[in-house]
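What's in my_file-v1.cif: mmCIF, C-alpha atoms
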```
data_structure
loop_
_atom_site.label_atom_id
_atom_site.label_comp_id
_atom_site.auth_asym_id
_atom_site.auth_seq_id
_atom_site.Cartn_x
_atom_site.Cartn_y
_atom_site.Cartn_z
CA MET A 1 0.00 0.00 0.00
CA SER A 2 2.94 2.35 0.53
CA TRP A 3 3.62 2.24 -3.22
CA TRP A 4 0.04 3.25 -3.92
CA LYS A 5 0.28 6.10 -1.44
CA GLU A 6 3.34 7.38 -3.25
CA LEU A 7 1.36 7.39 -6.47
CA GLU A 8 -1.28 9.67 -5.00
CA GLY A 9 0.99 12.67 -5.56
CA TRP A 10 1.47 11.85 -9.26
CA LYS A 11 -0.35 13.71 -11.93
CA PHE A 12 1.46 12.03 -14.84
CA GLN A 13 4.47 9.73 -15.12
CA GLN A 14 6.27 8.47 -18.23
CA SER A 15 8.93 5.77 -18.16
CA VAL A 16 10.45 2.98 -20.20
CA LEU A 17 10.11 -0.51 -18.72
CA ASP A 18 10.72 -4.11 -19.65
CA ILE A 19 7.24 -5.25 -20.57
CA HIS A 20 7.93 -8.92 -19.74
CA ASP A 21 7.43 -8.37 -16.02
CA LEU A 22 4.39 -6.22 -16.71
CA LEU A 23 2.55 -8.50 -19.14
CA ARG A 24 3.59 -12.07 -18.46
CA PRO A 25 1.82 -12.39 -15.08
CA ILE A 26 -1.43 -11.60 -16.91
CA PHE A 27 -0.96 -12.24 -20.64
CA SER A 28 0.59 -15.16 -22.47
CA GLY A 29 2.46 -15.19 -25.76
CA VAL A 30 4.81 -12.34 -24.89
CA PRO A 31 7.80 -12.69 -27.28
CA GLU A 32 11.23 -13.55 -25.98
CA GLY A 33 14.20 -11.23 -26.27
CA PRO A 34 14.52 -7.52 -25.63
CA CYS A 35 11.12 -5.90 -25.67
CA VAL A 36 10.82 -2.33 -24.46
CA ALA A 37 7.75 -0.16 -24.40
CA LYS A 38 6.91 3.36 -23.26
CA ILE A 39 4.53 3.36 -20.33
CA ASP A 40 2.36 6.36 -19.48
CA SER A 41 1.21 5.88 -15.90
CA LYS A 42 -1.44 7.92 -14.14
CA PRO A 43 -3.00 7.34 -10.70
CA ILE A 44 -6.76 7.42 -10.51
CA ARG A 45 -9.38 6.98 -7.80
CA VAL A 46 -11.95 4.26 -8.27
CA GLN A 47 -15.20 4.31 -6.35
CA ILE A 48 -15.82 0.76 -5.25
CA SER A 49 -19.08 1.42 -3.44
CA GLY A 50 -21.06 4.38 -2.41
CA SER A 51 -18.70 5.32 0.37
CA MET A 52 -15.48 3.46 -0.57
CA VAL A 53 -12.90 4.96 -2.94
CA ASP A 54 -9.68 3.16 -3.80
CA THR A 55 -6.55 4.24 -5.66
CA ALA A 56 -5.52 2.59 -8.91
CA VAL A 57 -3.00 3.19 -11.68
CA ILE A 58 -3.73 3.36 -15.38
CA HIS A 59 -0.86 2.24 -17.64
CA VAL A 60 -1.00 3.36 -21.26
CA MET A 61 1.55 1.29 -23.10
CA GLU A 62 3.14 2.25 -26.44
CA ASP A 63 5.61 0.03 -28.20
CA THR A 64 8.68 2.17 -28.91
CA ALA A 65 10.45 -0.40 -31.09
CA CYS A 66 10.24 0.10 -34.84
CA THR A 67 11.68 -1.91 -37.72
CA SER A 68 14.88 0.13 -37.74
CA ASP A 69 15.31 -0.29 -34.00
CA LEU A 70 14.95 -4.06 -34.26
CA ARG A 71 17.56 -4.24 -37.01
CA ILE A 72 19.95 -2.03 -35.09
CA SER A 73 19.46 -4.23 -32.05
CA ALA A 74 20.24 -7.34 -34.13
CA MET A 75 23.39 -5.73 -35.55
CA HIS A 76 24.41 -4.72 -32.04
CA GLU A 77 24.02 -8.26 -30.73
CA VAL A 78 26.11 -9.95 -33.46
CA ASN A 79 28.86 -7.33 -33.43
CA PRO A 80 32.13 -9.14 -32.54
CA LEU A 81 33.46 -6.06 -30.76
CA HIS A 82 32.87 -5.80 -27.04
CA MET A 83 30.41 -2.92 -26.66
CA PHE A 84 29.34 -1.38 -23.37
CA MET A 85 27.26 1.58 -22.30
CA PHE A 86 28.07 3.18 -18.94
CA ASN A 87 26.40 6.07 -17.17
CA SER A 88 28.19 9.08 -15.70
CA ARG A 89 28.92 7.10 -12.50
CA GLY A 90 30.60 4.31 -14.45
CA ARG A 91 27.77 1.82 -13.90
CA THR A 92 26.84 -0.52 -16.75
CA LEU A 93 23.64 0.32 -18.61
CA ASN A 94 23.92 -2.34 -21.30
CA MET A 95 26.34 -4.54 -23.23
CA ASN A 96 26.19 -6.67 -26.36
CA HIS A 97 26.46 -10.44 -26.56
CA ALA A 98 30.22 -10.46 -27.31
CA ALA A 99 30.94 -8.33 -24.25
CA MET A 100 28.73 -10.52 -22.10
CA GLU A 101 30.55 -13.67 -23.20
CA ALA A 102 33.90 -12.03 -22.53
CA CYS A 103 32.78 -11.12 -19.01
CA ARG A 104 31.65 -14.70 -18.36
CA TYR A 105 34.99 -16.01 -19.65
CA SER A 106 36.87 -13.67 -17.33
CA GLY A 107 34.98 -14.96 -14.29
CA GLN A 108 32.15 -12.42 -14.12
CA THR A 109 28.57 -13.48 -14.73
CA PRO A 110 26.50 -10.51 -15.84
CA LEU A 111 22.73 -10.81 -15.65
CA ILE A 112 20.04 -8.70 -17.32
CA ILE A 113 17.74 -7.38 -14.62
CA PRO A 114 14.94 -4.80 -14.86
CA HIS A 115 15.73 -1.25 -13.87
CA ALA A 116 13.67 1.83 -13.31
CA HIS A 117 15.00 3.32 -16.57
CA GLY A 118 15.35 0.27 -18.76
CA LEU A 119 17.75 -2.69 -18.48
CA MET A 120 20.66 -2.93 -16.12
CA VAL A 121 23.46 -5.47 -16.47
CA SER A 122 24.68 -6.73 -13.15
CA GLY A 123 25.85 -9.87 -11.42
CA PRO A 124 27.69 -11.19 -8.38
CA GLN A 125 30.31 -8.55 -9.06
CA ASP A 126 29.04 -5.42 -10.78
CA ILE A 127 30.73 -4.75 -14.09
CA THR A 128 31.70 -1.10 -14.22
CA MET A 129 33.78 1.06 -16.49
CA LYS A 130 36.54 0.88 -13.92
CA THR A 131 36.67 -2.92 -14.03
CA LEU A 132 37.60 -2.73 -17.72
CA PHE A 133 40.76 -0.83 -16.81
CA GLU A 134 41.48 -3.01 -13.80
CA ALA A 135 41.48 -6.05 -16.11
CA GLY A 136 44.65 -4.75 -17.78
CA ASP A 137 48.13 -6.01 -16.97
CA TYR A 138 49.91 -2.66 -16.63
CA PRO A 139 53.62 -2.39 -15.82
CA GLY A 140 52.73 0.18 -13.16
CA GLY A 141 50.12 -2.05 -11.57
CA GLU A 142 46.94 -0.68 -9.99
CA GLU A 143 48.25 2.88 -9.88
CA GLU A 144 48.68 2.98 -13.67
CA ALA A 145 45.24 1.40 -14.18
CA GLU A 146 43.68 4.00 -11.85
CA ALA A 147 45.43 6.84 -13.68
CA ALA A 148 44.25 5.51 -17.07
CA TYR A 149 40.65 5.30 -15.82
CA ASP A 150 40.74 8.84 -14.38
CA GLU A 151 42.15 10.17 -17.65
CA ALA A 152 39.41 8.48 -19.69
CA PHE A 153 36.63 9.58 -17.35
CA HIS A 154 37.87 13.18 -17.43
CA ALA A 155 38.20 13.17 -21.24
CA ILE A 156 34.63 11.92 -21.77
CA PHE A 157 32.55 13.60 -19.07
CA GLN A 158 34.58 16.74 -18.40
CA LEU A 159 36.30 17.65 -21.66
CA GLN A 160 33.56 16.07 -23.80
CA LEU A 161 36.08 14.84 -26.36
CA GLU A 162 34.56 13.27 -29.46
CA ARG A 163 36.68 10.14 -28.94
CA HIS A 164 39.21 8.93 -26.42
CA ARG A 165 41.46 5.92 -27.09
CA HIS A 166 43.42 3.87 -24.62
CA THR A 167 45.81 0.99 -25.41
CA GLN A 168 45.57 -1.67 -22.73
CA PRO A 169 48.05 -4.51 -22.20
CA TYR A 170 46.63 -7.69 -20.71
CA THR A 171 47.43 -11.35 -20.23
CA SER A 172 45.29 -13.89 -22.05
CA LYS A 173 43.59 -16.38 -19.76
CA LYS A 174 43.53 -18.89 -22.63
CA ASP A 175 47.25 -19.20 -23.41
CA GLY A 176 48.90 -16.87 -20.88
CA ARG A 177 50.42 -14.68 -23.59
CA SER A 178 50.76 -10.93 -23.41
CA LYS A 179 48.24 -9.19 -25.64
CA TRP A 180 46.89 -5.70 -26.29
CA ALA A 181 43.39 -4.28 -26.53
CA MET A 182 42.15 -0.92 -27.77
CA ILE A 183 39.45 0.78 -25.69
CA GLU A 184 37.57 3.47 -27.63
CA MET A 185 35.18 5.73 -25.74
CA SER A 186 32.67 8.26 -27.10
CA PRO A 187 30.25 10.44 -25.12
CA ILE A 188 26.56 9.86 -25.87
CA THR A 189 23.21 10.60 -24.33
CA ASP A 190 21.22 7.78 -22.79
CA PRO A 191 18.11 7.54 -25.03
CA VAL A 192 16.05 6.28 -22.09
CA ASP A 193 16.40 9.09 -19.59
CA GLY A 194 18.51 11.67 -21.47
CA SER A 195 21.41 11.49 -19.01
CA PRO A 196 25.05 11.65 -20.12
CA ALA A 197 26.63 8.28 -20.84
CA VAL A 198 29.60 6.79 -22.64
CA LEU A 199 29.77 4.17 -25.38
CA VAL A 200 32.80 1.91 -25.01
CA GLN A 201 34.18 -0.45 -27.65
CA ARG A 202 36.96 -2.89 -26.83
CA TYR A 203 38.78 -4.96 -29.45
CA ASN A 204 42.02 -6.90 -29.86
CA ILE A 205 45.00 -5.17 -31.50
CA THR A 206 47.66 -7.75 -30.62
CA GLN A 207 48.64 -8.43 -34.25
CA GLN A 208 48.98 -4.72 -34.94
CA LYS A 209 51.14 -4.20 -31.84
CA GLN A 210 53.34 -7.17 -32.76
CA LEU A 211 53.92 -5.72 -36.23
CA GLU A 212 54.67 -2.32 -34.70
CA LEU A 213 57.13 -3.94 -32.29
CA LYS A 214 58.81 -5.88 -35.11
CA LEU A 215 59.09 -2.71 -37.21
CA SER A 216 60.51 -0.83 -34.24
CA LEU A 217 63.16 -3.51 -33.69
CA GLN A 218 64.11 -3.43 -37.37
CA GLN A 219 64.40 0.36 -37.27
CA GLU A 220 66.60 0.16 -34.19
CA ALA A 221 68.84 -2.45 -35.89
CA LEU A 222 69.06 -0.28 -39.01
CA GLN A 223 69.93 2.73 -36.91
CA ARG A 224 72.68 0.79 -35.11
CA HIS A 225 74.05 -0.39 -38.48
CA ASN A 226 74.10 3.18 -39.79
CA GLN A 227 75.91 4.34 -36.67
CA GLU A 228 78.50 1.59 -37.12
CA LEU A 229 79.02 2.62 -40.75
CA GLU A 230 79.41 6.25 -39.72
CA GLN A 231 81.96 5.25 -37.09
CA ASP A 232 83.88 3.15 -39.65
CA ALA A 233 83.87 6.04 -42.12
CA LEU A 234 85.11 8.41 -39.43
CA ALA A 235 87.87 5.99 -38.44
CA THR A 236 88.89 5.65 -42.12
CA GLN A 237 89.08 9.41 -42.52
CA GLN A 238 91.14 9.71 -39.36
CA GLU A 239 93.54 6.98 -40.54
CA LYS A 240 93.83 8.65 -43.95
CA ALA A 241 94.62 12.00 -42.34
CA LYS A 242 97.20 10.32 -40.12
CA LEU A 243 98.94 8.65 -43.11
CA GLN A 244 98.92 11.94 -45.03
CA GLN A 245 100.46 13.68 -42.05
CA GLU A 246 103.21 11.04 -41.84
CA ALA A 247 103.89 11.35 -45.60
CA ASP A 248 104.19 15.13 -45.32
CA SER A 249 106.55 14.71 -42.39
CA LEU A 250 108.79 12.28 -44.31
CA ALA A 251 108.86 14.61 -47.32
CA GLN A 252 109.93 17.50 -45.12
CA GLN A 253 112.64 15.38 -43.51
CA LEU A 254 113.97 14.26 -46.94
CA GLU A 255 114.02 17.82 -48.22
CA ALA A 256 115.92 18.94 -45.13
CA VAL A 257 118.52 16.17 -45.59
CA LEU A 258 119.11 17.07 -49.25
CA LEU A 259 119.46 20.77 -48.49
CA ASP A 260 121.87 20.03 -45.67
CA LYS A 261 123.99 17.72 -47.88
CA PHE A 262 124.52 20.16 -50.73
CA ALA A 263 124.94 23.10 -48.41
CA THR A 264 127.87 21.42 -46.56
CA SER A 265 129.70 19.95 -49.66
CA GLY A 266 130.23 23.38 -51.30
CA THR A 267 129.88 21.93 -54.82
CA ARG A 268 127.41 22.97 -57.41
CA PHE A 269 124.64 20.56 -57.90
CA ASP A 270 124.90 18.82 -61.25
CA ALA A 271 121.51 17.87 -62.57
CA ASP A 272 122.87 16.08 -65.69
CA THR A 273 122.70 12.31 -65.65
CA PRO A 274 125.55 10.12 -67.02
CA ILE A 275 123.58 9.58 -70.22
CA ASP A 276 123.24 13.34 -70.68
CA LYS A 277 127.02 13.76 -70.25
CA THR A 278 127.78 10.97 -72.79
CA MET A 279 125.48 12.50 -75.37
CA LYS A 280 127.13 15.91 -75.03
CA PHE A 281 130.62 14.34 -75.44
CA LEU A 282 129.59 12.53 -78.62
CA GLN A 283 128.03 15.69 -80.04
CA SER A 284 131.37 17.56 -79.53
CA ILE A 285 133.30 14.84 -81.42
CA ILE A 286 130.89 14.98 -84.34
CA MET A 287 131.20 18.73 -84.58
CA VAL A 288 135.04 18.58 -84.67
CA ALA A 289 134.98 15.87 -87.36
CA SER A 290 132.69 17.92 -89.55
CA LEU A 291 135.08 20.90 -89.34
CA SER A 292 138.11 18.78 -90.49
CA LEU A 293 136.41 17.80 -93.76
CA LYS A 294 136.28 21.39 -95.10
CA PRO A 295 139.16 22.41 -97.71
CA PRO A 296 141.85 24.90 -96.60
CA LEU A 297 141.46 28.54 -97.52
CA LYS A 298 143.78 29.96 -100.39
CA HIS A 299 145.45 33.37 -100.22
CA PRO A 300 144.57 35.44 -103.35
CA GLU A 301 148.03 37.07 -103.82
CA ARG A 302 149.97 33.83 -103.75
CA ASN A 303 150.76 31.60 -106.69
CA ASN A 304 148.64 28.53 -106.81
CA SER A 305 151.68 26.53 -107.95
CA GLN A 306 153.50 27.11 -104.74
CA PRO A 307 153.04 24.39 -102.24
CA SER A 308 150.87 25.14 -99.28
CA MET A 309 152.64 25.78 -96.04
CA CYS A 310 149.65 25.20 -93.81
CA LYS A 311 150.28 23.29 -90.74
CA PRO A 312 148.31 20.21 -90.06
CA ALA A 313 145.31 20.76 -87.75
CA LEU A 314 145.52 19.63 -84.24
CA TYR A 315 142.46 17.96 -82.71
CA THR A 316 141.91 17.86 -79.11
CA VAL A 317 139.23 16.05 -77.35
#
```
Can you give me the file's structure in the form of structure tokens?
Amino acid sequence: MSWWKELEGWKFQQSVLDIHDLLRPIFSGVPEGPCVAKIDSKPIRVQISGSMVDTAVIHVMEDTACTSDLRISAMHEVNPLHMFMFNSRGRTLNMNHAAMEACRYSGQTPLIIPHAHGLMVSGPQDITMKTLFEAGDYPGGEEEAEAAYDEAFHAIFQLQLERHRHTQPYTSKKDGRSKWAMIEMSPITDPVDGSPAVLVQRYNITQQKQLELKLSLQQEALQRHNQELEQDALATQQEKAKLQQEADSLAQQLEAVLLDKFATSGTRFDADTPIDKTMKFLQSIIMVASLSLKPPLKHPERNNSQPSMCKPALYTV
């Protein structure tokens, strides 16, 4: 009766309820699966007898689901991504089938239970937005998980960013390997009560992270190889400069020795080689021989019949 007394102050109330609990106790043939309707409730007074008046409630039910809504709901349920909807306090409003199976696999057993504003997913341990971050295997432990959750909550509900992404490392319960998940969050409005909420999608990016790690290792190896080549080139240049310096030093020493030798001997430096000297000697002999073949000169006043008194030529070599 207390519930009825509370209704006495109502003039009009509109809400969205799960119609299974409302219809099944009275009507049969209610379809299975999600079925949501808009309920307009209004308290009335009913006169039972001449002097007795009782309070009752009239429910005017309107099915809010249309063809498009049903198709969207079907797409949502078969989506392989883990999809959650949380309210501004981080409590779960709904999740798709893939997310529900993932929660069961991780040890949590979510249950769909009726709520004053639609459907609430709960269980032995409430699944909240914070539990998604606590499921990660962070190097910094719980402190890093707490900081990641605070950053995401602030980005969505305070800064109202269009999208916030968080890369989460975790350990697979199936094979014990280290893996990575991407958590994408977008602010939305709860279509049931118009309150701020957040849509969360979680999917595996392990293969992408492994490729990024492999590429990073290759880039590091290439960078080390380039550094080694640069060091080898620098060492070669230094060795070349050292050899050039030694060659210049030896040339200077040789020049100093030659200058000192000819300066102390007091003789003129003869640049002619033995072959040059031999050629000059032979040229002088040929010139003298050519001069001896010319006839002697005759004096014009003397008689040609007189014998010549010229002395024979002397040749010196």
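Among A:Met85, A:Ile156, A:Ile286, A:Met129, the residue with the shortest atom-to-atom distance to A:Asp190, counting all atoms listed in the file, is A:Met85.
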Distance query 7 Å from (52.0, -4.4, -20.2) using only C-alpha atoms, result as a ChimeraX atom specification
/A:137-139,169-170
Rounded to one decimal in Å, what is the spacing between atom CA of A:Gly136 and atom CA of A:Val200?
15.4 Å
In Å and to one decimal, atom CA of A:Gly90 is distant from atom CA of A:Gly141 by 20.7 Å
What gap, in Å, lies between atom CA of A:Leu222 and atom CA of A:Ile205?
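Interatomic distance, atom CA of A:Leu222 to atom CA of A:Ile205: 25.7 Å.
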Report as AutoDock Vina command-line options the centre and the edge lengths, in Å to one decimal, of the axis-aligned box holding every listed atom of stretch 154-167 of chain A, padded by 5 Å on each side.
```
--center_x 39.2 --center_y 9.3 --center_z -23.4 --size_x 23.3 --size_y 26.7 --size_z 22.0
```
Shortest interatomic distance to A:Pro196 - which of A:Gln208, A:Gln253, A:Thr131, A:Asn87, counting only C-alpha atoms
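The answer is A:Asn87, which sits nearest to A:Pro196.
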Starting from the incomplete input, reconstruct all heavy atoms of stretch 214-225 of chain A and report them as a PDB file, in the coordinates of the input.
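Ended up saving to result.pdb:
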```pdb
ATOM      1  N   LYS A 214      57.837  -5.332 -34.165  1.00  0.00           N
ATOM      2  CA  LYS A 214      58.810  -5.880 -35.110  1.00  0.00           C
ATOM      3  C   LYS A 214      59.430  -4.766 -35.960  1.00  0.00           C
ATOM      4  O   LYS A 214      60.645  -4.735 -36.188  1.00  0.00           O
ATOM      5  CB  LYS A 214      58.127  -6.913 -36.009  1.00  0.00           C
ATOM      6  CG  LYS A 214      59.060  -7.609 -36.976  1.00  0.00           C
ATOM      7  CD  LYS A 214      58.322  -8.661 -37.779  1.00  0.00           C
ATOM      8  CE  LYS A 214      59.257  -9.372 -38.750  1.00  0.00           C
ATOM      9  NZ  LYS A 214      58.537 -10.420 -39.539  1.00  0.00           N
ATOM     10  N   LEU A 215      58.589  -3.839 -36.419  1.00  0.00           N
ATOM     11  CA  LEU A 215      59.090  -2.710 -37.210  1.00  0.00           C
ATOM     12  C   LEU A 215      60.018  -1.840 -36.373  1.00  0.00           C
ATOM     13  O   LEU A 215      61.050  -1.368 -36.861  1.00  0.00           O
ATOM     14  CB  LEU A 215      57.915  -1.892 -37.728  1.00  0.00           C
ATOM     15  CG  LEU A 215      58.266  -0.638 -38.549  1.00  0.00           C
ATOM     16  CD1 LEU A 215      59.072  -1.024 -39.783  1.00  0.00           C
ATOM     17  CD2 LEU A 215      57.014   0.114 -38.939  1.00  0.00           C
ATOM     18  N   SER A 216      59.665  -1.638 -35.110  1.00  0.00           N
ATOM     19  CA  SER A 216      60.510  -0.830 -34.240  1.00  0.00           C
ATOM     20  C   SER A 216      61.871  -1.478 -34.030  1.00  0.00           C
ATOM     21  O   SER A 216      62.912  -0.800 -34.053  1.00  0.00           O
ATOM     22  CB  SER A 216      59.810  -0.627 -32.889  1.00  0.00           C
ATOM     23  OG  SER A 216      60.628   0.094 -31.996  1.00  0.00           O
ATOM     24  N   LEU A 217      61.892  -2.811 -33.856  1.00  0.00           N
ATOM     25  CA  LEU A 217      63.160  -3.510 -33.690  1.00  0.00           C
ATOM     26  C   LEU A 217      64.009  -3.428 -34.957  1.00  0.00           C
ATOM     27  O   LEU A 217      65.236  -3.244 -34.877  1.00  0.00           O
ATOM     28  CB  LEU A 217      62.900  -4.977 -33.325  1.00  0.00           C
ATOM     29  CG  LEU A 217      62.243  -5.228 -31.962  1.00  0.00           C
ATOM     30  CD1 LEU A 217      61.944  -6.714 -31.779  1.00  0.00           C
ATOM     31  CD2 LEU A 217      63.133  -4.728 -30.827  1.00  0.00           C
ATOM     32  N   GLN A 218      63.364  -3.547 -36.119  1.00  0.00           N
ATOM     33  CA  GLN A 218      64.110  -3.430 -37.370  1.00  0.00           C
ATOM     34  C   GLN A 218      64.676  -2.020 -37.543  1.00  0.00           C
ATOM     35  O   GLN A 218      65.810  -1.856 -38.009  1.00  0.00           O
ATOM     36  CB  GLN A 218      63.199  -3.786 -38.543  1.00  0.00           C
ATOM     37  CG  GLN A 218      62.834  -5.257 -38.614  1.00  0.00           C
ATOM     38  CD  GLN A 218      61.904  -5.576 -39.767  1.00  0.00           C
ATOM     39  OE1 GLN A 218      61.380  -4.674 -40.428  1.00  0.00           O
ATOM     40  NE2 GLN A 218      61.676  -6.852 -40.023  1.00  0.00           N
ATOM     41  N   GLN A 219      63.908  -1.018 -37.176  1.00  0.00           N
ATOM     42  CA  GLN A 219      64.400   0.360 -37.270  1.00  0.00           C
ATOM     43  C   GLN A 219      65.568   0.594 -36.325  1.00  0.00           C
ATOM     44  O   GLN A 219      66.536   1.280 -36.674  1.00  0.00           O
ATOM     45  CB  GLN A 219      63.267   1.332 -36.980  1.00  0.00           C
ATOM     46  CG  GLN A 219      62.195   1.384 -38.060  1.00  0.00           C
ATOM     47  CD  GLN A 219      61.053   2.305 -37.707  1.00  0.00           C
ATOM     48  OE1 GLN A 219      60.897   2.718 -36.551  1.00  0.00           O
ATOM     49  NE2 GLN A 219      60.240   2.642 -38.689  1.00  0.00           N
ATOM     50  N   GLU A 220      65.493   0.026 -35.127  1.00  0.00           N
ATOM     51  CA  GLU A 220      66.600   0.160 -34.190  1.00  0.00           C
ATOM     52  C   GLU A 220      67.852  -0.534 -34.724  1.00  0.00           C
ATOM     53  O   GLU A 220      68.966  -0.001 -34.606  1.00  0.00           O
ATOM     54  CB  GLU A 220      66.205  -0.425 -32.828  1.00  0.00           C
ATOM     55  CG  GLU A 220      65.141   0.383 -32.096  1.00  0.00           C
ATOM     56  CD  GLU A 220      64.753  -0.256 -30.784  1.00  0.00           C
ATOM     57  OE1 GLU A 220      65.301  -1.353 -30.475  1.00  0.00           O
ATOM     58  OE2 GLU A 220      63.917   0.319 -30.059  1.00  0.00           O
ATOM     59  N   ALA A 221      67.682  -1.740 -35.315  1.00  0.00           N
ATOM     60  CA  ALA A 221      68.840  -2.450 -35.890  1.00  0.00           C
ATOM     61  C   ALA A 221      69.434  -1.665 -37.050  1.00  0.00           C
ATOM     62  O   ALA A 221      70.661  -1.566 -37.187  1.00  0.00           O
ATOM     63  CB  ALA A 221      68.408  -3.849 -36.344  1.00  0.00           C
ATOM     64  N   LEU A 222      68.571  -1.089 -37.895  1.00  0.00           N
ATOM     65  CA  LEU A 222      69.060  -0.280 -39.010  1.00  0.00           C
ATOM     66  C   LEU A 222      69.789   0.958 -38.516  1.00  0.00           C
ATOM     67  O   LEU A 222      70.836   1.339 -39.064  1.00  0.00           O
ATOM     68  CB  LEU A 222      67.890   0.112 -39.907  1.00  0.00           C
ATOM     69  CG  LEU A 222      68.225   0.974 -41.135  1.00  0.00           C
ATOM     70  CD1 LEU A 222      69.191   0.233 -42.049  1.00  0.00           C
ATOM     71  CD2 LEU A 222      66.966   1.347 -41.885  1.00  0.00           C
ATOM     72  N   GLN A 223      69.278   1.559 -37.475  1.00  0.00           N
ATOM     73  CA  GLN A 223      69.930   2.730 -36.910  1.00  0.00           C
ATOM     74  C   GLN A 223      71.303   2.383 -36.334  1.00  0.00           C
ATOM     75  O   GLN A 223      72.276   3.120 -36.523  1.00  0.00           O
ATOM     76  CB  GLN A 223      69.042   3.363 -35.840  1.00  0.00           C
ATOM     77  CG  GLN A 223      69.580   4.671 -35.277  1.00  0.00           C
ATOM     78  CD  GLN A 223      68.622   5.291 -34.280  1.00  0.00           C
ATOM     79  OE1 GLN A 223      67.592   4.717 -33.965  1.00  0.00           O
ATOM     80  NE2 GLN A 223      68.971   6.452 -33.780  1.00  0.00           N
ATOM     81  N   ARG A 224      71.373   1.234 -35.639  1.00  0.00           N
ATOM     82  CA  ARG A 224      72.680   0.790 -35.110  1.00  0.00           C
ATOM     83  C   ARG A 224      73.655   0.524 -36.242  1.00  0.00           C
ATOM     84  O   ARG A 224      74.841   0.869 -36.144  1.00  0.00           O
ATOM     85  CB  ARG A 224      72.497  -0.454 -34.240  1.00  0.00           C
ATOM     86  CG  ARG A 224      71.835  -0.188 -32.899  1.00  0.00           C
ATOM     87  CD  ARG A 224      72.020  -1.389 -31.973  1.00  0.00           C
ATOM     88  NE  ARG A 224      71.458  -2.593 -32.550  1.00  0.00           N
ATOM     89  CZ  ARG A 224      70.218  -3.009 -32.325  1.00  0.00           C
ATOM     90  NH1 ARG A 224      69.412  -2.296 -31.553  1.00  0.00           N
ATOM     91  NH2 ARG A 224      69.762  -4.128 -32.866  1.00  0.00           N
ATOM     92  N   HIS A 225      73.175  -0.105 -37.329  1.00  0.00           N
ATOM     93  CA  HIS A 225      74.050  -0.390 -38.480  1.00  0.00           C
ATOM     94  C   HIS A 225      74.557   0.901 -39.110  1.00  0.00           C
ATOM     95  O   HIS A 225      75.744   1.006 -39.458  1.00  0.00           O
ATOM     96  CB  HIS A 225      73.275  -1.212 -39.505  1.00  0.00           C
ATOM     97  CG  HIS A 225      74.087  -1.615 -40.699  1.00  0.00           C
ATOM     98  ND1 HIS A 225      75.172  -2.469 -40.615  1.00  0.00           N
ATOM     99  CD2 HIS A 225      73.991  -1.262 -42.016  1.00  0.00           C
ATOM    100  CE1 HIS A 225      75.702  -2.635 -41.809  1.00  0.00           C
ATOM    101  NE2 HIS A 225      75.006  -1.915 -42.683  1.00  0.00           N
TER     102      HIS A 225
END
```
